[in-house]
There are 2 protein chains.
Amino acid sequence: MSKEVLSDSDGIRSAAPLKHARSVTFDRPLALELGGELPCVTVVYETYGRLSEAKDNAVLICHALSGDSHVARHDAQDEPGWWDTSEVVGPGRPIDTDRYFVVSPNVLGGCRGTTGPNSINPATGRPYGRDFPTITVADMVAVQGMLIDHLGIEKLLAVVGGSMGGHQVLDWATRYPERVRGAVAIATSTRLSSQALAFDVVGRNAILHDPNYRNGQYYDQDTGPSVGLAVARMIGHITYLSREAMKEKFDADRLAPRDVSTEFEKTFSVGSYLGYQGAKFVERFDANSYLALSMAMDLFKLGDSPGELAEKFAASQACWLVLSFTSDWLFAPQESQEIVDALIAADKPITYCNIESSCGHDAFLLPGDLESYGELISGFLANLDGRDTPDVTAGAARGGHSPTSIFHPDHPQRLDYDRIAELIAPGASVLDLGCGIGELPALLKDRGHERIMGLELDERAVIACVRRGLNVIQADLNDGLSSFADKQFDCVVLSQTLQAVRDVEGVVREMLRVGRQCVVSFPNFAYHKLRRMLFEQGRAPEAVGMLRHKWYNTPNIRFFSILDFEEFCALRGVTIHRRVALDTEAGCEVNDDPNCNADLAIFVISR
Amino acid sequence: MSKEVLSDSDGIRSAAPLKHARSVTFDRPLALELGGELPCVTVVYETYGRLSEAKDNAVLICHALSGDSHVARHDAQDEPGWWDTSEVVGPGRPIDTDRYFVVSPNVLGGCRGTTGPNSINPATGRPYGRDFPTITVADMVAVQGMLIDHLGIEKLLAVVGGSMGGHQVLDWATRYPERVRGAVAIATSTRLSSQALAFDVVGRNAILHDPNYRNGQYYDQDTGPSVGLAVARMIGHITYLSREAMKEKFDADRLAPRDVSTEFEKTFSVGSYLGYQGAKFVERFDANSYLALSMAMDLFKLGDSPGELAEKFAASQACWLVLSFTSDWLFAPQESQEIVDALIAADKPITYCNIESSCGHDAFLLPGDLESYGELISGFLANLDGRDTPDVTAGAARGGHSPTSIFHPDHPQRLDYDRIAELIAPGASVLDLGCGIGELPALLKDRGHERIMGLELDERAVIACVRRGLNVIQADLNDGLSSFADKQFDCVVLSQTLQAVRDVEGVVREMLRVGRQCVVSFPNFAYHKLRRMLFEQGRAPEAVGMLRHKWYNTPNIRFFSILDFEEFCALRGVTIHRRVALDTEAGCEVNDDPNCNADLAIFVISR
């Protein structure tokens, strides 16, 4: 029996009392979003770390469907919390409890202490059961707001949550915009996909049609709807794991079931795993809570269209960190992208990373990708916190992850960036396409530009940008700039990248659409040394000082000259405002026959 | 209420008697693969078209989990069959009943006439129920074999099936290799993925734990395990649809449930659809059959490792057509690729296409992609049948889908191919990388080469190859040639493609590994006209006769000369056996200073 297989990826453990949990009861009616009210509400929560005197270091953590207030151990003897598998919360961890005051409540409708269907209905003296009113994510957030008031916190440093916890983050930052400085939305969506919804529907049908469900009043019976709840949980578990993760876990010994105690089918190893997970879940979770919370999640809708979403986000005063995972198919990256697009449309400070992972939706709960999402969260919080940003230039060389010039590697970068920075109007908003580890954005920040955004494909470079306090969107230039509106930026920069893109026309068209002005730099293929190499030697251009790439492995796939680019612009009605030609080897500007004497060109253009 | 939504993508209809079905009973015990036996077996089947005198035109169609013998209408008044939504079987259709004799049996373990759990157990006089022995795909195929014997057919022109039907195809072609001339395996696998297995397990758990299941003897009860079966069906339905398809179907009106009669949750449109599908399914399908067939599918395993699979396929005498669909996540393309790899390893004639589709696993039952899979099936059958292959060169120009030279478009192709064909030893086995619509393979076929295989990325080109009677694998060169063994071919050809690949080193390394000899042709970038253009005009090479591509949109992304390639080979210990230099504009071979005077080079190389 593999221990790992039976470990509880989303924090299953016995439903023993949570010894560090506190609770507060609000003895007044709570009106609910969809009508009806709860006569009083109890919230169970746990806290970690200390609230600063200024009360400005509170981080609210919102849990997912099956979580609770116990996000992390309080001490070595304590039971592990649901985010402890990946060690996210604690002293020195990404959400550093030496620095932040973490508040982690059980959600409204839950079954671990906060008012939910298994709470006593004061009107009847029996558990609410099926009489528990339909609640929404907004209701959950309203209750969390009451708790935060109770704790004397006016403004949260950040609200953090994944999956259904992410829904709460979206709701928080748009419902109480003045109370949230940072919003961290992980593996979530503005509304569930129809596929995710479908799985929830089937799970609820299994519970509701379990004869032991007894219309929700099973609390005084020997047996509850344990088969229905277990089936719902089994379905859920499949959706939390990626195809690859299941393959890795179960393919090798598919016909060797784990030796677990379960009444469910055990022919296959994956069956024994699911049966075990289903059976264990029933011991710690209430079926009515499952119904209430999954329905709240299914009803969650920040908006239907990109326009509605952008409108919703308009009020947000928060900085945003949106994270998704490449193999998550329950809350697919595309759904996070919709959040990102709407935040961009609403002109909010936003960083997005689609983390390369094979772990599926559960990735944010597992240690495998902690190196990425942990660093992103800690970097993001540190920026909110105003801590000094560490120097990242030493650690990551630009050459390693971002297309670079075929030219001399020692000094052109600097010259290029300085000249570009000079060409941008003071204070202009800037979008830097292919920003690498953020050298140019950092330079512009130093020069006083305030609205700067980077676009970068490489995950490590995105992390480096975040640690530098820059807003960066992980994206592939070749996919276009559909996230951005016409003329959204004063200036769009594409430095030493055009020669490496496949869809040159598309990229140029898109940048001209998004930027009032654009700055493009590229190597000049008609530079005399290159010409001579081909003409005299009959060899692909490659010489001393330009040796970094061979014809067969250069990232540069488009070869063109200053003249070619000028013709390209002329044919498309693109206005050229400035042309700066450089000889980067000599480190000087070229005025005489630039198409022959310059190895690098910078153009300022517009449509 | 949308009619489309309630249409039955996998052939749901009322369980009325099948009026065109015939049956045969084999009154002798059938020993089963996993032990036990059935005392007698009845097979219900339908036939379409006429068996030829030579009895060489029979096509056996194997249905999937919920199908039956009624694959298609017999006449205009008849009810639609399960493959009628996409009009695959019938006069003039891809499986043309004017030409072929189609045999379509209900599978062993089914519930539409062929012996299954709802059949009377002669030993007890009651339905088998849970006493029905565990059957396998091999048992299904054995019974189909008895039927084929009964019909007097020695050798099938083809066995065709998708999903679980594909499992039967794989079993047929390896169990009775001498009886199958063509095998068409659609959207299937050598064994289920752990994810697919997991969904089946949950479905079975829902049935088995439905209190109305009564250990399988519910036939004389008012109610069977209808909730469990409906839940299993709902889960199945989600897995048959792609994420995109569900989005398209349900996203727009997610909170507007269809007005259908169902006891299941109807809050969401997708819920009403699933509830309806679940409820309808229960009316026409037997829960014990669902258990028996899904378990047979789950137990199916052609082999565990690539080696085992290749061994299994070694005996096959069939030509193969393997089809998958890009958005199928239940039987993912990667799983078809495993079949393909094993068939390649076993050196079998095989064509593979991963059809671009948004329809998910159901794609093979839907009309959306019929244009592709219908053409592939009809072309494949026509080749087996020995019909004249239609001329396809007129319809599809090579330039439209496959990278071509930057050179003069009017006559180089011909010259190139002729010279390449002359360079290949007579009778050699040939793998043509990036074969387009199959011009070179067709030329080689005319010259008497027998073992020829093409590799091509473009779907339309793959179809053109199939219509030409060529074996072609749809694949992206940049992904390498891992399907192929070391020295598997006498000759590997890469004509006018090297300049368009990203991973030059990888592609060359792979072709040298797979071919005893390799023929590579590419444009010579040091051709004097190109040199002069850059040197004298300072422009990216582009002149009269070479105008087809601009620097910003050429498919050619690697620029190198004959000298560059020779150096590349020398540094890697690659032996150059021959070099042919051509001036394709003049239409002649170049002997004097080829690096300057040739615009196209052909090399014969080996490791």
# chains A, B, ... in the order shown; residues from 1 in each chain; ligands from 1
call {"tool": "select_by_dssp", "arguments": {"residues": "segment 271-332 of chain A", "states": "strand (DSSP E or B)", "output": "ChimeraX atom specification"}}
result
/A:301,319-325
call {"tool": "write_last_selection", "arguments": {"atoms": "N, CA, C and O atoms", "output": "PDB file, in the first residue's frame"}}
result
ATOM      1  N   LYS A 301     -21.088  34.067 -10.145  1.00  0.00           N
ATOM      2  CA  LYS A 301     -20.915  34.655 -11.466  1.00  0.00           C
ATOM      3  C   LYS A 301     -20.514  36.102 -11.280  1.00  0.00           C
ATOM      4  O   LYS A 301     -21.304  36.915 -10.835  1.00  0.00           O
ATOM      5  N   CYS A 319      -4.118  45.584  -5.898  1.00  0.00           N
ATOM      6  CA  CYS A 319      -3.177  44.985  -6.841  1.00  0.00           C
ATOM      7  C   CYS A 319      -3.554  43.511  -6.951  1.00  0.00           C
ATOM      8  O   CYS A 319      -3.938  42.896  -5.955  1.00  0.00           O
ATOM      9  N   TRP A 320      -3.402  42.960  -8.132  1.00  0.00           N
ATOM     10  CA  TRP A 320      -3.866  41.599  -8.373  1.00  0.00           C
ATOM     11  C   TRP A 320      -2.730  40.653  -8.725  1.00  0.00           C
ATOM     12  O   TRP A 320      -1.838  40.999  -9.487  1.00  0.00           O
ATOM     13  N   LEU A 321      -2.841  39.443  -8.168  1.00  0.00           N
ATOM     14  CA  LEU A 321      -1.989  38.341  -8.607  1.00  0.00           C
ATOM     15  C   LEU A 321      -2.929  37.207  -8.984  1.00  0.00           C
ATOM     16  O   LEU A 321      -3.680  36.705  -8.139  1.00  0.00           O
ATOM     17  N   VAL A 322      -2.913  36.830 -10.251  1.00  0.00           N
ATOM     18  CA  VAL A 322      -3.765  35.745 -10.725  1.00  0.00           C
ATOM     19  C   VAL A 322      -2.864  34.586 -11.136  1.00  0.00           C
ATOM     20  O   VAL A 322      -1.913  34.776 -11.898  1.00  0.00           O
ATOM     21  N   LEU A 323      -3.149  33.413 -10.603  1.00  0.00           N
ATOM     22  CA  LEU A 323      -2.330  32.236 -10.909  1.00  0.00           C
ATOM     23  C   LEU A 323      -3.205  31.097 -11.419  1.00  0.00           C
ATOM     24  O   LEU A 323      -4.278  30.835 -10.868  1.00  0.00           O
ATOM     25  N   SER A 324      -2.721  30.431 -12.450  1.00  0.00           N
ATOM     26  CA  SER A 324      -3.391  29.222 -12.900  1.00  0.00           C
ATOM     27  C   SER A 324      -2.322  28.157 -13.127  1.00  0.00           C
ATOM     28  O   SER A 324      -1.134  28.442 -13.018  1.00  0.00           O
ATOM     29  N   PHE A 325      -2.764  26.962 -13.417  1.00  0.00           N
ATOM     30  CA  PHE A 325      -1.824  25.858 -13.614  1.00  0.00           C
ATOM     31  C   PHE A 325      -2.120  25.180 -14.944  1.00  0.00           C
ATOM     32  O   PHE A 325      -3.276  24.885 -15.247  1.00  0.00           O
TER      33      PHE A 325
END
call {"tool": "residues_around", "arguments": {"residues": "segment 142-158 of chain A", "least_positions_apart": "4", "cutoff": "8 Å", "atoms": "only C-alpha atoms", "output": "tab-separated table (two decimals) with C-alpha atoms, in the first residue's frame"}}
result
chain	number	residue	atom	x	y	z
A	24	VAL	CA	-17.60	34.55	17.26
A	41	VAL	CA	-24.32	33.52	12.42
A	43	VAL	CA	-17.97	32.05	12.49
A	55	LYS	CA	-3.47	46.74	11.70
A	56	ASP	CA	-2.12	46.74	8.16
A	57	ASN	CA	-0.65	43.26	7.91
A	58	ALA	CA	-3.75	41.05	7.86
A	59	VAL	CA	-4.03	38.36	5.19
A	60	LEU	CA	-7.38	36.67	4.86
A	105	PRO	CA	-12.29	31.35	8.78
A	107	VAL	CA	-16.88	29.42	5.32
A	108	LEU	CA	-20.61	30.12	5.75
A	138	ALA	CA	-21.40	37.04	-1.59
A	178	GLU	CA	-11.67	49.88	-0.20
A	179	ARG	CA	-10.84	47.04	2.18
A	180	VAL	CA	-8.48	45.02	-0.04
A	181	ARG	CA	-4.95	46.08	-0.97
A	182	GLY	CA	-3.95	42.86	-2.63
A	183	ALA	CA	-5.99	40.10	-4.22
A	184	VAL	CA	-4.48	36.68	-4.90
A	381	LEU	CA	2.94	40.23	-0.71
A	384	LEU	CA	2.32	45.24	-1.12
A	385	ASP	CA	4.12	45.34	2.14
call {"tool": "interface_residues", "arguments": {"of": "chain A", "to": "chain B", "cutoff": "8 Å", "atoms": "only C-alpha atoms", "output": "PyMOL selection string"}}
result
chain A and resi 193-195+197-199+201-202+204-206+209-211+227-228+231+234-235+238+243+246-247+250-251+254+264-265+270-271+274+502-505+525-526+531-532+534-535+538-540+551-553+557-561+563-564+595-596
call {"tool": "residues_around", "arguments": {"residues": "Tyr352 of chain A", "least_positions_apart": "4", "cutoff": "12 Å", "atoms": "only C-alpha atoms", "output": "ChimeraX atom specification"}}
result
/A:183-187,319-325,333-334,336-341,343-344,373,376-377,380,453-459,462-463,465-466,470-475
call {"tool": "atom_distance", "arguments": {"atom1": "atom CA of Asp84 of chain B", "atom2": "atom CA of Gly67 of chain B"}}
result
12.1 Å
call {"tool": "residues_around", "arguments": {"residues": "Leu34 of chain A", "least_positions_apart": "3", "cutoff": "9 Å", "atoms": "only C-alpha atoms", "output": "JSON list (two decimals) with N, CA, C and O atoms, in the first residue's frame"}}
result
[["chain", "number", "residue", "atom", "x", "y", "z"],
["A", 31, "ALA", "N", -29.23, 39.10, 6.30],
["A", 31, "ALA", "CA", -30.03, 39.00, 5.07],
["A", 31, "ALA", "C", -29.15, 38.39, 3.98],
["A", 31, "ALA", "O", -28.00, 38.78, 3.82],
["A", 133, "PRO", "N", -31.02, 28.02, 3.96],
["A", 133, "PRO", "CA", -31.32, 28.77, 2.74],
["A", 133, "PRO", "C", -30.18, 28.69, 1.72],
["A", 133, "PRO", "O", -29.04, 28.39, 2.09],
["A", 134, "THR", "N", -30.51, 28.95, 0.48],
["A", 134, "THR", "CA", -29.49, 28.98, -0.57],
["A", 134, "THR", "C", -28.55, 30.16, -0.31],
["A", 134, "THR", "O", -28.99, 31.30, -0.23],
["A", 135, "ILE", "N", -27.29, 29.84, -0.15],
["A", 135, "ILE", "CA", -26.32, 30.91, 0.10],
["A", 135, "ILE", "C", -25.45, 31.11, -1.14],
["A", 135, "ILE", "O", -25.42, 30.26, -2.03],
["A", 136, "THR", "N", -24.78, 32.24, -1.16],
["A", 136, "THR", "CA", -23.91, 32.56, -2.31],
["A", 136, "THR", "C", -22.53, 32.92, -1.80],
["A", 136, "THR", "O", -22.31, 33.09, -0.58]]
call {"tool": "closest_residue", "arguments": {"among": "A:Arg99, A:Gln217, A:Gly165, A:Trp82", "to": "Gly129 of chain A", "atoms": "only C-alpha atoms"}}
result
A:Gln217
call {"tool": "atom_distance", "arguments": {"atom1": "atom CA of Asp418 of chain A", "atom2": "atom CA of Thr497 of chain A"}}
result
16.7 Å
call {"tool": "residues_around", "arguments": {"residues": "Pro122 of chain A", "least_positions_apart": "6", "cutoff": "12 Å", "atoms": "only C-alpha atoms", "output": "VMD selection string"}}
result
chain A and resid 27 29 38 to 41 115 128 131 to 132
call {"tool": "select_by_dssp", "arguments": {"residues": "segment 300-472 of chain B", "states": "helix (DSSP H, G or I)", "output": "ChimeraX atom specification"}}
result
/B:306-314,333-345,360-365,367-385,398-400,412-423,439-446,459-467
